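The structure appears below as structure tokens.
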Number of protein chains: 2
Amino acid sequence: MRRVLLSHGSGGEETQRLIKELFLKYLSNPILERMEDAAILEVGSKLAFTTDSFTVSPPFFKGGDIGKLAVAGTVNDLAVMGARPLYMSAGFIIEEGFSLEELEKVVKSMGEEARRAGVYIVTGDTKVVPKGQVDKLFINTSGIGEVVYEGLSAHNLQPGDVVIVSGTVGDHGACILAEREGMEFELPLESDCRSLWNMIERVLETGAQIHAMRDATRGGLAAVLNEWAQQSEVEIEVDEESIPVKEAVQGLCELLGFEPTHLANEGMVVFAVAEKDAGKVLETLREHPYGKEAELIGSVTGKEKARVVLKTPYGVKRIMEPPSGELLPRIC
Amino acid sequence: MRRVLLSHGSGGEETQRLIKELFLKYLSNPILERMEDAAILEVGSKLAFTTDSFTVSPPFFKGGDIGKLAVAGTVNDLAVMGARPLYMSAGFIIEEGFSLEELEKVVKSMGEEARRAGVYIVTGDTKVVPKGQVDKLFINTSGIGEVVYEGLSAHNLQPGDVVIVSGTVGDHGACILAEREGMEFELPLESDCRSLWNMIERVLETGAQIHAMRDATRGGLAAVLNEWAQQSEVEIEVDEESIPVKEAVQGLCELLGFEPTHLANEGMVVFAVAEKDAGKVLETLREHPYGKEAELIGSVTGKEKARVVLKTPYGVKRIMEPPSGELLPRIC
């Protein structure tokens, strides 16, 4: 009997395979097949619709909690599809015996983040499961947004495009890792968990020609770039030195043997932008509090090979592998 | 420290209290406050949007499985709001080690039910959680539908309305109970799990004046009628003998001390209909394969007291209490 493995949920290769070989096999339709972060619906005005379940452990961490994450995560999936987030659902699965005070903290934090992001949570559901049959609290959020910028797609990268990240890489993953290991660092490790629509809207308003956006969650920057390379059938070259990584994140990765580019972010976007517009995108990002550390990290170099090449500081080039294996379960 | 109890997720009084005292406290907005089965969104054309998490145990049962249930449950929440189901999301939370064959069965069954119901599943999410941190498989589905019949609301019952059920009461709950207890009956106990849009659409097309519809899931018929009585501030009188209950369901209830009206259904709708239209609603239901056992079971008798009165076969009247306490965890 083949079994579901942790790696099937890691957002890497095995997840892709499970989606293609199982979910698409039975659920296929033209909208689902596009496999973007949110589905675009033609219903009067153009809407985006997305869903995400959150199982993060621990549910409270530096910089946020499962509630803030559940709102920001879904808002960001809409935002990177060029959709202004409008409405959200919230489905709670709660372990019998979970503290009501902690639940209240989580729900409060959802309300605050929803207000910040300008979304209404308009429908919900609560299930309580006997002790031991679920760990503490899982939250699903689905979101609907109005598409205000069309044509964004993982299939849409063009040779000559530049790749820009809106901030440092791996912050959320490193924070969760440190919390689980009970590690303390001199420099604080904090999740970047936050809603990005406001920042993304500023960038869209510049009129820059953006071909794709993605928030680099499970699987990190490496997953985004590899999916883009595969789906657009292009080679992407990244300059390793230009990737912004916080000192504390770098330190934790060296200690535990992780790649910062494989660690999840929850408040960072990757852009593929027409080269001529690189300047105004970078400038606009850096003017926003969430984009101060934005960097241009690479470009789409050709149509020959669907792969991501990493240029190291020593002039050597190597393949930036897509993340695979177990990575971190329950990172989001 | 106050704790979350099983009863908070049972769909009875404690669930209502948790929603009012906690979720509405922080997430309140005019749409959420209506507390209907689905939120109505003004976005170009009028849409309905709903969410539900499914944690049913066992995940496979007579008449369906968690996948079929996850589609039918969300389709039905849209349908009872007068909305033609259009699009769904599916979020999976899967225990490490869960059988891929069983997962395939579930997903296949979702695809089949989605086709039957005429909906597209357009976005999804998969999380895998380490062994022992979730029991087998949970599924969240959210749905979007186009509102084709307006004005349906739990606040909308009028004195003189009749109450009609589209089928027998308690089938799903009794089936799950029997499977858990490992009980076998001469007469089969089968879940009524199925998508009801098609049947409901026929009823709406008659032009009958329908004031409210509700699929009687967690908490059963008693929960629906009590919520209606409270929200519309009316007294509802029900003739106990007219409530259709399958023999096997009645037998199981007597054996285990349950009320059939407290047991969940997953393929049965309750209607509040203007009296003049009772005949055509009943007739239309009985012509449909899912409505053969439809019955008129009572009426809205007044505006004085918000309660549900049960007329027993012996002429005695008693209050039909709303379900409370633990009921059956993981029934849906």
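Each chain in the structure tokens gets a letter, A, B, ..., in the order shown, and its residues are numbered from 1; ligands are numbered from 1 in order too.
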
* Skipping near chain neighbours, those fewer than 6 positions away, what residues fall within 9 Å of Gly170 of chain B using only C-alpha atoms, listed as a PyMOL selection string? -> chain B and resi 191-192+216-217+220-221+245-246+249-250+259-266

Write to file, as a compact mmCIF listing (two decimals), in the first residue's frame, the residues of the selection just made, with N, CA, C and O atoms.
```txt
# COMPACT_ATOMS: atom_id res chain seq x y z
N SER B 191 -26.58 6.59 5.02
CA SER B 191 -26.57 8.06 5.04
C SER B 191 -27.35 8.60 3.85
O SER B 191 -27.35 8.01 2.77
N ASP B 192 -28.01 9.75 4.05
CA ASP B 192 -28.74 10.40 2.95
C ASP B 192 -27.86 11.40 2.20
O ASP B 192 -28.36 12.16 1.36
N ALA B 216 -30.88 20.18 7.25
CA ALA B 216 -30.83 19.87 8.69
C ALA B 216 -29.62 18.98 8.99
O ALA B 216 -29.76 17.78 9.12
N THR B 217 -28.44 19.60 9.11
CA THR B 217 -27.22 18.80 9.35
C THR B 217 -26.99 18.62 10.86
O THR B 217 -27.87 18.09 11.53
N GLY B 220 -29.69 18.37 13.64
CA GLY B 220 -30.90 17.80 13.07
C GLY B 220 -32.05 18.79 12.91
O GLY B 220 -31.88 20.01 12.97
N LEU B 221 -33.23 18.23 12.68
CA LEU B 221 -34.44 19.02 12.50
C LEU B 221 -34.71 19.93 13.69
O LEU B 221 -35.13 21.08 13.53
N VAL B 245 -39.77 9.14 9.68
CA VAL B 245 -38.55 8.53 10.24
C VAL B 245 -38.50 7.09 9.73
O VAL B 245 -39.49 6.36 9.81
N LYS B 246 -37.34 6.69 9.23
CA LYS B 246 -37.19 5.31 8.75
C LYS B 246 -37.25 4.36 9.94
O LYS B 246 -36.78 4.68 11.03
N VAL B 249 -33.98 3.72 11.63
CA VAL B 249 -33.51 4.88 12.39
C VAL B 249 -34.25 4.95 13.73
O VAL B 249 -33.65 5.15 14.79
N GLN B 250 -35.56 4.74 13.67
CA GLN B 250 -36.37 4.74 14.89
C GLN B 250 -35.87 3.66 15.85
O GLN B 250 -35.70 3.91 17.05
N GLU B 259 -33.00 11.09 20.06
CA GLU B 259 -34.17 11.60 19.34
C GLU B 259 -33.83 11.65 17.84
O GLU B 259 -32.83 12.28 17.48
N PRO B 260 -34.65 11.07 16.98
CA PRO B 260 -34.36 11.18 15.54
C PRO B 260 -34.25 12.64 15.09
O PRO B 260 -33.46 12.97 14.20
N THR B 261 -35.01 13.52 15.73
CA THR B 261 -34.98 14.94 15.34
C THR B 261 -33.70 15.66 15.77
O THR B 261 -33.50 16.81 15.42
N HIS B 262 -32.88 14.99 16.56
CA HIS B 262 -31.58 15.58 16.95
C HIS B 262 -30.44 15.05 16.08
O HIS B 262 -29.32 15.53 16.18
N LEU B 263 -30.75 14.04 15.28
CA LEU B 263 -29.69 13.41 14.48
C LEU B 263 -29.51 14.14 13.15
O LEU B 263 -30.47 14.63 12.55
N ALA B 264 -28.27 14.15 12.70
CA ALA B 264 -27.93 14.89 11.47
C ALA B 264 -28.50 14.24 10.22
O ALA B 264 -28.64 13.02 10.13
N ASN B 265 -28.83 15.09 9.25
CA ASN B 265 -29.15 14.68 7.90
C ASN B 265 -28.13 15.33 6.98
O ASN B 265 -27.61 16.40 7.29
N GLU B 266 -27.90 14.72 5.83
CA GLU B 266 -27.00 15.34 4.86
C GLU B 266 -27.62 15.37 3.47
O GLU B 266 -26.92 15.63 2.48
```

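The environment of Thr168 of chain A within 8 Å, counting only C-alpha atoms and disregarding residues fewer than 6 places along the same chain, consists of Ile243, Pro244, Val245, Lys246, Met268, Glu293 and Ala294 of chain A.
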
Got time to write the residues from that selection, N, CA, C and O atoms, as a JSON list (two decimals), in the first residue's frame?
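Result file is part-v5.json:
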```
[["chain", "number", "residue", "atom", "x", "y", "z"],
["A", 243, "ILE", "N", 20.68, 37.85, -2.86],
["A", 243, "ILE", "CA", 19.49, 37.40, -2.12],
["A", 243, "ILE", "C", 19.56, 37.92, -0.69],
["A", 243, "ILE", "O", 20.49, 37.56, 0.05],
["A", 244, "PRO", "N", 18.60, 38.75, -0.27],
["A", 244, "PRO", "CA", 18.70, 39.30, 1.09],
["A", 244, "PRO", "C", 18.30, 38.24, 2.14],
["A", 244, "PRO", "O", 17.23, 37.65, 2.07],
["A", 245, "VAL", "N", 19.20, 38.01, 3.09],
["A", 245, "VAL", "CA", 18.95, 37.04, 4.17],
["A", 245, "VAL", "C", 19.36, 37.71, 5.48],
["A", 245, "VAL", "O", 20.46, 38.28, 5.57],
["A", 246, "LYS", "N", 18.48, 37.66, 6.47],
["A", 246, "LYS", "CA", 18.82, 38.25, 7.77],
["A", 246, "LYS", "C", 19.95, 37.46, 8.41],
["A", 246, "LYS", "O", 20.02, 36.24, 8.27],
["A", 268, "MET", "N", 6.48, 38.01, 2.07],
["A", 268, "MET", "CA", 7.46, 38.38, 1.04],
["A", 268, "MET", "C", 6.96, 37.93, -0.33],
["A", 268, "MET", "O", 6.48, 36.82, -0.47],
["A", 293, "GLU", "N", 13.63, 46.10, 2.24],
["A", 293, "GLU", "CA", 14.82, 45.31, 1.89],
["A", 293, "GLU", "C", 14.70, 44.63, 0.53],
["A", 293, "GLU", "O", 15.37, 43.63, 0.25],
["A", 294, "ALA", "N", 13.84, 45.19, -0.32],
["A", 294, "ALA", "CA", 13.64, 44.62, -1.65],
["A", 294, "ALA", "C", 14.96, 44.58, -2.43],
["A", 294, "ALA", "O", 15.79, 45.49, -2.30]]
```

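Using only C-alpha atoms, the contacts of Gly145 of chain A at a cut-off of 7 Å, with sequence neighbours closer than 5 positions omitted, comprise Leu47, Ala48, Phe49, Leu78, Ala83, Arg84, Pro85, Leu86 and Tyr87 of chain A.
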
* Asked: When DSSP works through the backbone of this structure, what residues of segment 98-240 of chain B end up as helix (DSSP H, G or I), shown as a PyMOL selection string?
  -> chain B and resi 100-117+171-181+197-205+220-232+240

* Between atom CA of Arg318 of chain A and atom CA of Glu241 of chain A - distance in Å to one decimal -> 13.5 Å

* Asked: Excluding same-chain residues fewer than 2 positions from Val165 of chain B, what lies within 6 Å of it counting only C-alpha atoms, as a VMD selection string?
  -> chain B and resid 167 269 to 270 294 to 295

* Give me every strand (DSSP E or B) residue in segment 42-261 of chain B, going by DSSP on the backbone, as an NGL selection string. => :B and (42-43 or 45-54 or 60-61 or 64-65 or 83-95 or 99 or 120-129 or 134 or 137-147 or 162-165 or 210-215 or 235-239)

* To do: Would you mind listing what lies within 8 Å of Ile210 of chain B as a list in words, with only C-alpha atoms counted and same-chain residues fewer than 2 positions away left out?
  => Leu152, Leu204, Ala208, Ala212, Met213, Phe271, Ala272, Val273 and Ala274 of chain B

Selected residues written out, C-alpha atoms, as an mmCIF file, in the first residue's frame:
```cif
data_model
loop_
_atom_site.group_PDB
_atom_site.id
_atom_site.type_symbol
_atom_site.label_atom_id
_atom_site.label_comp_id
_atom_site.auth_asym_id
_atom_site.auth_seq_id
_atom_site.Cartn_x
_atom_site.Cartn_y
_atom_site.Cartn_z
ATOM 1 C CA LEU B 152 -34.652 33.382 1.984
ATOM 2 C CA LEU B 204 -38.026 27.299 -6.753
ATOM 3 C CA ALA B 208 -43.922 29.038 -4.634
ATOM 4 C CA ALA B 212 -36.715 29.897 4.506
ATOM 5 C CA MET B 213 -34.849 26.733 3.636
ATOM 6 C CA PHE B 271 -38.864 24.499 4.013
ATOM 7 C CA ALA B 272 -40.966 27.285 5.487
ATOM 8 C CA VAL B 273 -43.563 27.989 2.792
ATOM 9 C CA ALA B 274 -46.584 30.282 2.461
#
```
